[in-house]
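Peer 1: Following this line is model_24.txt, made up of compact mmCIF, C-alpha atoms:
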# COMPACT_ATOMS: atom_id res chain seq x y z
CA MET A 247 0.00 0.00 0.00
CA TYR A 248 1.48 3.32 -1.09
CA ILE A 249 -0.22 6.63 -0.33
CA SER A 250 1.56 9.80 -1.41
CA GLY A 251 0.67 13.24 -2.58
CA GLN A 252 1.16 13.69 -6.30
CA ASN A 253 3.52 16.60 -5.59
CA ASP A 254 5.54 14.78 -2.92
CA ALA A 255 8.39 14.04 -5.33
CA VAL A 256 10.77 12.55 -2.75
CA ASN A 257 8.28 9.97 -1.51
CA VAL A 258 6.83 9.28 -4.95
CA ASP A 259 10.39 8.42 -6.03
CA LYS A 260 10.88 6.24 -2.95
CA ASP A 261 7.58 4.49 -3.69
CA ALA A 262 8.73 3.83 -7.26
CA ALA A 263 12.01 2.30 -6.05
CA SER A 264 10.14 0.16 -3.53
CA ILE A 265 7.65 -1.00 -6.17
CA GLN A 266 10.53 -1.91 -8.48
CA SER A 267 11.99 -4.03 -5.69
CA LEU A 268 8.62 -5.73 -5.16
CA LEU A 269 8.43 -6.57 -8.86
CA GLU A 270 11.97 -7.97 -8.81
CA TRP A 271 10.96 -10.22 -5.89
CA CYS A 272 7.74 -11.40 -7.61
CA VAL A 273 5.33 -9.39 -5.45
CA PHE A 274 2.52 -8.15 -7.66
CA ASP A 275 -0.29 -7.47 -5.19
CA TRP A 276 0.16 -3.82 -4.21
CA TYR A 277 -1.82 -0.62 -4.53
CA VAL A 278 -0.83 3.00 -5.15
CA GLU A 279 -2.97 5.98 -4.17
CA ARG A 280 -1.73 9.35 -5.44
CA THR A 281 -3.56 12.38 -4.12
CA PRO A 282 -3.74 15.12 -6.76
CA TRP A 283 -2.38 18.57 -5.88
CA MET A 284 -0.96 17.38 -2.55
CA GLY A 285 2.61 17.29 -1.34
CA HIS A 286 3.91 15.74 1.85
CA GLU A 287 0.71 16.02 3.90
CA LEU A 288 -1.53 13.76 5.92
CA ALA A 289 -3.99 11.79 3.83
CA GLY A 290 -7.56 12.95 4.11
CA PRO A 291 -10.43 10.70 5.18
CA ALA A 292 -11.50 9.81 1.61
CA VAL A 293 -7.99 8.81 0.53
CA LEU A 294 -7.35 6.90 3.72
CA GLY A 295 -10.72 5.17 3.41
CA ARG A 296 -9.96 4.01 -0.16
CA ALA A 297 -6.55 2.78 0.93
CA LEU A 298 -8.01 0.85 3.86
CA ASP A 299 -10.65 -0.66 1.57
CA MET A 300 -7.89 -1.84 -0.77
CA LEU A 301 -6.28 -3.80 2.07
CA ASP A 302 -9.25 -6.17 1.87
CA LYS A 303 -8.90 -6.61 -1.90
CA HIS A 304 -6.22 -8.49 -3.73
CA ALA A 305 -5.06 -8.60 -7.31
CA VAL A 306 -6.04 -11.73 -9.19
CA PRO A 307 -2.86 -13.81 -9.30
CA ASN A 308 -1.28 -14.22 -12.71
CA VAL A 309 0.16 -17.68 -12.21
CA ALA A 310 2.26 -17.63 -15.39
CA ARG A 311 3.81 -14.28 -14.47
CA LEU A 312 4.53 -15.46 -10.93
CA ASN A 313 6.06 -18.74 -12.11
CA ASN A 314 8.22 -16.97 -14.71
CA CYS A 315 9.41 -14.48 -12.10
CA ARG A 316 10.27 -17.21 -9.60
CA LEU A 317 12.06 -19.17 -12.31
CA ARG A 318 14.15 -16.07 -13.12
CA LEU A 319 15.08 -15.66 -9.44
CA ASN A 320 16.00 -19.33 -9.11
CA ARG A 321 18.17 -19.18 -12.23
CA GLU A 322 19.97 -16.07 -10.98
CA LEU A 323 20.60 -17.73 -7.63
CA GLU A 324 21.80 -20.99 -9.17
CA LYS A 325 24.18 -19.12 -11.46
CA GLN A 326 25.71 -17.24 -8.54
CA MET A 327 25.94 -20.37 -6.39
CA ASP A 328 27.67 -22.18 -9.26
CA GLN A 329 30.13 -19.29 -9.57
CA ALA A 330 30.90 -19.40 -5.83
CA SER A 331 31.42 -23.17 -5.95
CA ASP A 332 33.69 -22.79 -8.98
CA LEU A 333 35.73 -20.13 -7.17
CA LEU A 334 36.17 -22.42 -4.18
CA ALA A 335 37.08 -25.39 -6.40
CA ALA A 336 39.71 -23.21 -8.09
CA GLY A 337 41.20 -22.36 -4.69
CA ASN A 338 39.91 -18.78 -4.62
CA VAL A 339 38.58 -18.98 -1.06
CA ASP A 340 38.37 -15.21 -0.58
CA GLY A 341 36.48 -14.74 -3.83
CA ALA A 342 34.07 -17.55 -2.96
CA ARG A 343 33.53 -16.07 0.50
CA ARG A 344 32.88 -12.57 -0.91
CA LEU A 345 30.41 -13.92 -3.43
CA LEU A 346 28.65 -16.05 -0.81
CA ASN A 347 28.31 -12.95 1.39
CA ARG A 348 26.70 -11.08 -1.52
CA ILE A 349 24.38 -14.04 -2.14
CA ASP A 350 23.39 -14.13 1.53
CA THR A 351 22.78 -10.38 1.51
CA ARG A 352 20.51 -10.60 -1.52
CA TYR A 353 18.76 -13.93 -1.01
CA GLY A 354 19.10 -14.66 2.71
CA GLY A 355 17.50 -17.97 3.61
CA LEU A 356 16.22 -18.46 0.08
CA ALA A 357 19.71 -19.63 -0.91
CA ALA A 358 19.65 -22.49 1.62
CA PRO A 359 20.49 -25.32 1.80
CA ARG A 360 23.11 -24.86 -0.91
CA SER A 361 24.52 -21.67 0.65
CA VAL A 362 24.76 -23.41 4.03
CA ASP A 363 26.68 -26.30 2.45
CA LEU A 364 29.06 -23.88 0.74
CA ALA A 365 29.56 -21.93 3.96
CA ALA A 366 30.48 -25.18 5.73
CA ARG A 367 32.98 -26.00 2.99
CA LEU A 368 34.43 -22.48 3.32
CA ALA A 369 34.68 -22.89 7.09
CA GLY A 370 36.72 -26.02 6.49
CA THR A 371 39.33 -23.95 4.64
CA ASP A 372 40.11 -21.75 7.66
Could you show the structure in this file as structure tokens?
Peer 2:
Amino acid sequence: MYISGQNDAVNVDKDAASIQSLLEWCVFDWYVERTPWMGHELAGPAVLGRALDMLDKHAVPNVARLNNCRLRLNRELEKQMDQASDLLAAGNVDGARRLLNRIDTRYGGLAAPRSVDLAARLAGTD
């Protein structure tokens, strides 16, 4: 749920960046309410009411879009995990560790169990 005044450029830009992140992470059920002629002000009762009503409604899932998005994420993750494993196999422990840290930062627990296995292998090189 995003509620911003149309003239609140800073927060409209932040909303756009946040929405882009949601799309990259396969989240498609969100709502934007832009209040015309308003800047950074409190939302009025009508705007707030519409926004609250939207919390009870959900976008119809587009299963193909969701599956394609998740497939893209899985492929990106697998590619990076393969790269980290290749670095370790080539003896580049520091490079593998740096890449695994980037993977953990981006994917967190979604990279498990493969990231956990790689971390254990890296720990064995210390």
Peer 1: For Ser361 in chain A, which residue among A:Arg311, A:Lys303, A:His286, A:Arg343 is the nearest when counting all atoms listed in the file?
Peer 2: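 Of A:Arg311, A:Lys303, A:His286, A:Arg343, the one nearest Ser361 in chain A is A:Arg343, counting all atoms listed in the file.
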Peer 1: Quick one: everything within 12 Å of Leu298 in chain A, counting all atoms listed in the file, minus sequence neighbours fewer than 6 positions away in the same chain. Send it as a short mmCIF file (atom, residue, chain, number, x, y, z; two decimals) with C-alpha atoms, in the coordinates of the input.
Peer 2:
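This went into selection-v8.cif:
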data_model
loop_
_atom_site.label_atom_id
_atom_site.label_comp_id
_atom_site.auth_asym_id
_atom_site.auth_seq_id
_atom_site.Cartn_x
_atom_site.Cartn_y
_atom_site.Cartn_z
CA MET A 247 0.00 0.00 0.00
CA TYR A 248 1.48 3.32 -1.09
CA ILE A 249 -0.22 6.63 -0.33
CA TYR A 277 -1.82 -0.62 -4.53
CA VAL A 278 -0.83 3.00 -5.15
CA GLU A 279 -2.97 5.98 -4.17
CA ALA A 289 -3.99 11.79 3.83
CA PRO A 291 -10.43 10.70 5.18
CA ALA A 292 -11.50 9.81 1.61
#
Peer 1: For a cutoff of 10 Å around the file-coordinate point (15.3, -13.9, -8.5), which residues qualify once you count all atoms listed in the file? I'd like the result as a PyMOL selection string.
Peer 2: chain A and resi 270-272+314-324+352-353+356
Peer 1: Find, counting all atoms listed in the file, the residue in A:Ser267, A:Thr371, A:Asp302, A:Asn253 that gets nearest to Ala335 in chain A.
Peer 2: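 Between A:Ser267, A:Thr371, A:Asp302, A:Asn253, the residue approaching Ala335 in chain A most closely is A:Thr371.
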Peer 1: Could you check which of A:Val273, A:Met300, A:Met284, A:Leu334 is closest to Asn257 in chain A, using only C-alpha atoms?
Peer 2: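 Nearest to Asn257 in chain A: A:Met284.
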Peer 1: I need the residue nearest Arg344 in chain A from this list: A:Ser250, A:Leu364, A:Asp259, A:Ala330. Use all atoms listed in the file for the distance.
Peer 2: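 Checking each of A:Ser250, A:Leu364, A:Asp259, A:Ala330 against Arg344 in chain A, counting all atoms listed in the file, the winner is A:Ala330.
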Peer 1: Ranking A:Gln326, A:Leu368, A:Pro359, A:Val293 by minimum distance to Asn338 in chain A and counting all atoms listed in the file, which one comes first?
Peer 2: A:Leu368
Peer 1: Is it possible to get the axis-aligned box enclosing range 358-365 of chain A (all listed atoms, 3 Å extra per side) as JSON, with centre and edge lengths in Å rounded to one decimal?
Peer 2:
{"center_x": 24.6, "center_y": -24.0, "center_z": 1.6, "size_x": 15.9, "size_y": 10.6, "size_z": 10.9}
Peer 1: Pick out the residues sitting within 10 Å of Asp275 in chain A, and hand them over as a list in words; count all atoms listed in the file, and ignore anything fewer than 5 positions along from it in its own chain.
Peer 2: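 Contacts, with the query itself left out: Met247, Leu268, Leu269, Lys303, His304, Ala305, Val306 and Pro307 of chain A.
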Peer 1: Generate the output file for the selected residues, C-alpha atoms, as an mmCIF file, keeping the file's coordinate frame.
Peer 2:
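Result file follows (part.cif):
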data_model
loop_
_atom_site.group_PDB
_atom_site.id
_atom_site.type_symbol
_atom_site.label_atom_id
_atom_site.label_comp_id
_atom_site.auth_asym_id
_atom_site.auth_seq_id
_atom_site.Cartn_x
_atom_site.Cartn_y
_atom_site.Cartn_z
ATOM 1 C CA MET A 247 0.000 0.000 0.000
ATOM 2 C CA LEU A 268 8.620 -5.730 -5.160
ATOM 3 C CA LEU A 269 8.430 -6.570 -8.860
ATOM 4 C CA LYS A 303 -8.900 -6.610 -1.900
ATOM 5 C CA HIS A 304 -6.220 -8.490 -3.730
ATOM 6 C CA ALA A 305 -5.060 -8.600 -7.310
ATOM 7 C CA VAL A 306 -6.040 -11.730 -9.190
ATOM 8 C CA PRO A 307 -2.860 -13.810 -9.300
#
Peer 1: Nearest to Ala366 in chain A: which of A:Ser331, A:Arg348, A:Leu288, A:Leu294 is it, counting all atoms listed in the file?
Peer 2: A:Ser331
Peer 1: So how far away is CA of Asp299 in chain A from CA of Glu287 in chain A, in Å?
Peer 2: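 Computed distance, CA of Glu287 in chain A to CA of Asp299 in chain A, equals 20.3 Å.
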Peer 1: What is the distance between CA of Arg280 in chain A and CA of Ile265 in chain A, in Å to one decimal?
Peer 2: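 Value for the CA of Arg280 in chain A-CA of Ile265 in chain A distance: 14.0 Å.
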Peer 1: What gap, in Å, lies between CA of Gln266 in chain A and CA of Ala357 in chain A?
Peer 2: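 Computing it gives 21.3 Å between the two atoms.
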